[in-house]
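Asks: What follows is a single structure, and I will ask about it in a moment.
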Amino acid sequence: QLQLVESGGGLVQRGGSLRLSCAASGFILGNYYIGWFRQAPGKEREPVSCSSSSGYSTNYAESVKGRFTISRDNAKNTVYLQMNSLKPEDTAAYYCAARWSFDQRLCVMTSGDYDYWGQGTQVTVSS
C-alpha cells in the first residue's frame with residue numbers, strides 16, 4: 001500500500017522554524033517527484049514547493065522563497081521541508097504529494113498532477 005505520512009507540524013512563534021517530514025512507504029520515493037502544498041481555513045490549497053525525483057530541480061512559491069527549503073533523502077524514503085522565519089500567514093495544514101516520473105529533473109507545482117497524498121500536518125504560527 002502506497003502511503004505518505006507527514007510529521008513535524010506544531011505551534012511556533014513568528015520568526016521561528018519547523019522542519020516537516022514526509023515519509024513514504026510502499027514505494028520507492030526516488031522514482032517520484034514530491035510537492036508540498038498547504039491549505040488555510042477558508043482558502044484554496046496552494047503550492048509551496050516541489051522537488052524532482054533526483055532532487056536536482058526544486059521550485060518554490062514566491063511567498064516562501066528564501067525562507068523554506070525542500071530536500072530529500074531517498075535512502076530514507078523521506079522528503080523534508082525546512083521552514084524558517086515563519087509568519088502568521090504560513091499557518092495552514094501542510095500536505096506532501098507524490099507522482100512517478102521518468103524525468104528525474106521534473107517537478108510541478110500543480111496539485112492536480114499528483115497521484116498520492118498524505119493526511120497533512122498542521123502548522124500554526126502565532127504573532
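Residue numbers start at 1 in each chain; chains themselves are named A, B, ... in the order of the C-alpha cells; ligands are numbered from 1 in the order shown.
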Given only C-alpha atoms, how would the per-residue table for stretch 68-126 of chain A near stretch 3-6 of chain A read, listing every residue at most 7 Å away with its closest atom pair and distance in Å to one decimal, sorted by chain and number, as a tab-separated table?

Replies:
residue	atom	partner	partner_atom	distance
A:Tyr95	CA	A:Glu6	CA	7.0
A:Cys96	CA	A:Glu6	CA	6.9
A:Trp117	CA	A:Leu4	CA	6.2
A:Gly118	CA	A:Leu4	CA	4.6
A:Gln119	CA	A:Val5	CA	6.6
A:Gly120	CA	A:Glu6	CA	5.8
A:Thr121	CA	A:Glu6	CA	5.9

Asks: So that I can check the surroundings of A:Thr78, please list as a PyMOL selection string every protein, DNA and RNA residue that reaches within 9 Å of it, counting only C-alpha atoms and ignoring chain neighbours fewer than 6 positions away.

Replies: chain A and resi 21-24+29+71-72

Asks: From the DSSP assignment of the backbone, select every residue of chain A that is strand (DSSP E), and format the answer as number ranges by chain.

Replies: A: 3-7, 10-13, 18-25, 32-39, 46-51, 58-60, 68-73, 78-83, 92-100, 116-117, 121-126

Asks: Can you pull out the residues contacting A:Thr91? Cut-off 9 Å, using only C-alpha atoms, and skip same-chain residues under 2 positions away; I want them as a list in words.

Replies: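 So, after excluding close chain neighbours, the residues are Arg38, Gln39, Ala40, Leu86, Lys87, Pro88, Glu89, Ala93, Tyr94, Gln122, Val123, Thr124, Val125 and Ser126 of chain A.
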
Asks: By how many Å are atom CA of A:Gly15 and atom CA of A:Ser111 apart?

Replies: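 Separation of atom CA of A:Gly15 and atom CA of A:Ser111: 27.7 Å.
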
Asks: Which is closest to A:Ser53 among A:Ala92, A:Ile34, A:Leu81, A:Ile70, if we use only C-alpha atoms?

Replies: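 Closest candidate: A:Ile34.
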
Asks: Hey, can you check how far atom CA of A:Asp73 sits from atom CA of A:Ala61?

Replies: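 Computing it gives 21.7 Å between the two atoms.
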
Asks: Could you check which of A:Tyr32, A:Tyr60, A:Phe27, A:Phe68 is closest to A:Asp103, using only C-alpha atoms?

Replies: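 Once distances to A:Asp103 are computed over only C-alpha atoms, the minimum belongs to A:Tyr32.
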
Asks: As an exercise, work out the distance from atom CA of A:Arg105 to atom CA of A:Ser25 in Å and give it to one decimal place.

Replies: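 Those two atoms sit 22.2 Å apart.
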
Asks: Which residue, A:Ser54, A:Asn77, A:Ser127, A:Gln104, has the smallest gap to A:Gly26 when you use only C-alpha atoms?

Replies: A:Asn77

Asks: Using only C-alpha atoms, which residues sit within 10 Å of A:Ser85 once same-chain residues fewer than 3 positions away are excluded, as a ChimeraX atom specification?

Replies: /A:13-18,64,66-68,90

Asks: Take the residues from that selection and write them out as an mmCIF file, in the first residue's frame, keeping C-alpha atoms.

Replies:
data_model
loop_
_atom_site.group_PDB
_atom_site.id
_atom_site.type_symbol
_atom_site.label_atom_id
_atom_site.label_comp_id
_atom_site.auth_asym_id
_atom_site.auth_seq_id
_atom_site.Cartn_x
_atom_site.Cartn_y
_atom_site.Cartn_z
ATOM 1 C CA GLN A 13 6.076 31.920 17.247
ATOM 2 C CA ARG A 14 6.646 34.396 14.449
ATOM 3 C CA GLY A 15 10.214 34.123 13.254
ATOM 4 C CA GLY A 16 10.575 30.545 14.415
ATOM 5 C CA SER A 17 11.396 27.413 12.469
ATOM 6 C CA LEU A 18 9.942 23.997 11.853
ATOM 7 C CA VAL A 64 8.200 31.210 0.729
ATOM 8 C CA GLY A 66 14.351 32.395 0.750
ATOM 9 C CA ARG A 67 12.612 31.058 3.863
ATOM 10 C CA PHE A 68 11.691 27.453 3.015
ATOM 11 C CA ASP A 90 2.151 30.495 6.918
#

Asks: Contacts of A:Cys107 at 9 Å or less, counting only C-alpha atoms, minus same-chain residues fewer than 4 places along, as a list in words?

Replies: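 Near neighbours after the sequence-gap exclusion: Tyr32, Tyr33, Ile34, Gly35, Cys50, Ser51, Ser52, Ser53, Ser57, Thr58, Asn59, Arg99, Ser101 and Asp103 of chain A.
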
Asks: Residues of stretch 11-125 of chain A in helix (DSSP H, G or I) according to DSSP, as a list in words?

Replies: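 Matching residues for helix (DSSP H, G or I) in stretch 11-125 of chain A are Leu29, Gly30, Asn31, Asn74, Ala75, Lys76, Pro88, Glu89, Asp90, Ser111, Gly112 and Asp113 of chain A.
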